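Have a look at the structure below, then the notes.
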Amino acid sequence: MEKNDQLFASLIYIFQATAMQGLGKIKNPVTDKIERNMEQAQQAIDMLEMIKDKTKGNLSSEMARLLDTFLNELRLNYIDEAGKP
């Protein structure tokens, strides 16, 4: 994997982890607690969607697939969490 692909993967991992944290799927590393913040999750998902739009046609197939996988996973988890009280 070339350096720019590694850096891009690291960037989208940051947003993926932020969204998963907001969805209450992983612990907040600062508080060491599970905390739901749907607004934070939505913003991270929106950022990944913006990155996808802005980089369309400029990503390797591997990076495009990774971004699509993250977005699909996050959208499904968001719908699941939004339906919970």
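Ligands are numbered from 1 in the order shown, chains are lettered A, B, ... in the order of the structure tokens, and residues start at 1 in each chain.
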Please provide as an mmCIF file with N, CA and C atoms, in the first residue's frame all residues within 12 Å of A:Ala82, with the sequence filter that same-chain residues fewer than 3 positions apart are discarded (counting only C-alpha atoms).
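Wrote part-v2.cif, looks like this:
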```cif
data_model
loop_
_atom_site.group_PDB
_atom_site.id
_atom_site.type_symbol
_atom_site.label_atom_id
_atom_site.label_comp_id
_atom_site.auth_asym_id
_atom_site.auth_seq_id
_atom_site.Cartn_x
_atom_site.Cartn_y
_atom_site.Cartn_z
ATOM 1 N N GLY A 22 -19.782 7.763 18.864
ATOM 2 C CA GLY A 22 -21.031 8.507 18.997
ATOM 3 C C GLY A 22 -22.249 7.601 19.000
ATOM 4 N N LEU A 23 -22.156 6.483 18.313
ATOM 5 C CA LEU A 23 -23.255 5.516 18.287
ATOM 6 C C LEU A 23 -23.280 4.641 19.539
ATOM 7 N N GLY A 24 -22.286 4.807 20.394
ATOM 8 C CA GLY A 24 -22.224 4.014 21.615
ATOM 9 C C GLY A 24 -21.744 2.594 21.373
ATOM 10 N N ARG A 36 -23.501 7.622 24.130
ATOM 11 C CA ARG A 36 -24.138 7.859 22.822
ATOM 12 C C ARG A 36 -24.252 9.351 22.568
ATOM 13 N N ASN A 37 -23.878 9.739 21.378
ATOM 14 C CA ASN A 37 -24.019 11.125 20.937
ATOM 15 C C ASN A 37 -24.340 11.050 19.446
ATOM 16 N N MET A 38 -25.638 10.982 19.161
ATOM 17 C CA MET A 38 -26.073 10.775 17.785
ATOM 18 C C MET A 38 -25.677 11.934 16.871
ATOM 19 N N GLU A 39 -25.613 13.135 17.420
ATOM 20 C CA GLU A 39 -25.192 14.294 16.616
ATOM 21 C C GLU A 39 -23.731 14.139 16.190
ATOM 22 N N ALA A 41 -22.138 11.303 15.886
ATOM 23 C CA ALA A 41 -22.105 10.202 14.913
ATOM 24 C C ALA A 41 -22.532 10.690 13.529
ATOM 25 N N GLN A 42 -23.615 11.463 13.474
ATOM 26 C CA GLN A 42 -24.103 11.960 12.187
ATOM 27 C C GLN A 42 -23.083 12.874 11.525
ATOM 28 N N LEU A 74 -21.655 2.183 8.937
ATOM 29 C CA LEU A 74 -22.074 3.271 9.826
ATOM 30 C C LEU A 74 -23.534 3.652 9.617
ATOM 31 N N ARG A 75 -23.976 3.689 8.388
ATOM 32 C CA ARG A 75 -25.382 4.019 8.120
ATOM 33 C C ARG A 75 -26.314 2.987 8.753
ATOM 34 N N LEU A 76 -25.984 1.700 8.606
ATOM 35 C CA LEU A 76 -26.817 0.649 9.202
ATOM 36 C C LEU A 76 -26.820 0.743 10.724
ATOM 37 N N ASN A 77 -25.669 0.997 11.316
ATOM 38 C CA ASN A 77 -25.594 1.152 12.768
ATOM 39 C C ASN A 77 -26.343 2.395 13.235
ATOM 40 N N TYR A 78 -26.280 3.465 12.455
ATOM 41 C CA TYR A 78 -27.001 4.686 12.819
ATOM 42 C C TYR A 78 -28.494 4.432 12.833
ATOM 43 N N ILE A 79 -28.999 3.767 11.803
ATOM 44 C CA ILE A 79 -30.443 3.454 11.735
ATOM 45 C C ILE A 79 -30.845 2.591 12.922
ATOM 46 N N PRO A 85 -34.623 3.788 22.192
ATOM 47 C CA PRO A 85 -34.971 4.923 23.072
ATOM 48 C C PRO A 85 -33.757 5.595 23.689
#
```
Cut-off 7 Å: closest stretch 2-52 of chain A/stretch 56-72 of chain A atom pairs per residue, using only C-alpha atoms, as a Markdown table:
```
| residue | atom | partner | partner_atom | distance |
| --- | --- | --- | --- | --- |
| A:Asp5 | CA | A:Met63 | CA | 6.8 |
| A:Ala9 | CA | A:Met63 | CA | 7.0 |
| A:Gln16 | CA | A:Phe70 | CA | 6.6 |
| A:Ile45 | CA | A:Leu71 | CA | 6.9 |
| A:Lys52 | CA | A:Lys56 | CA | 5.9 |
```
Exercise for the section: Please report, as a ChimeraX atom specification, each residue of chain A to which DSSP assigns alpha helix (DSSP H) when run on this structure's backbone. Expected result: /A:3-22,38-55,61-82
Problem - Which of chain A fall in strand (DSSP E or B), as number ranges by chain - result: A: 23, 28, 33, 36
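Of the listed residues A:Gly83, A:Glu73, A:Ala44, A:Ile51, the one whose atoms come nearest to A:Ala19 is A:Ala44, with distances taken using only C-alpha atoms.
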Handout entry: Shortest interatomic distance to A:Met20 - which of A:Met50, A:Met1, A:Leu7, A:Ile34, counting only C-alpha atoms
Key =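 Nearest candidate to A:Met20 out of A:Met50, A:Met1, A:Leu7, A:Ile34: A:Ile34.
Here atom CA of A:Asn4 stands at a distance of 28.0 Å from atom CA of A:Asn28.
For the choices A:Lys84, A:Met47, A:Phe8, A:Glu35, the atom-to-atom distance to A:Gln21 is smallest for A:Glu35 when using only C-alpha atoms.
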Problem - atom CA of A:Thr31 to atom CA of A:Asp80, distance in Å rounded to a single decimal - result: 23.9 Å
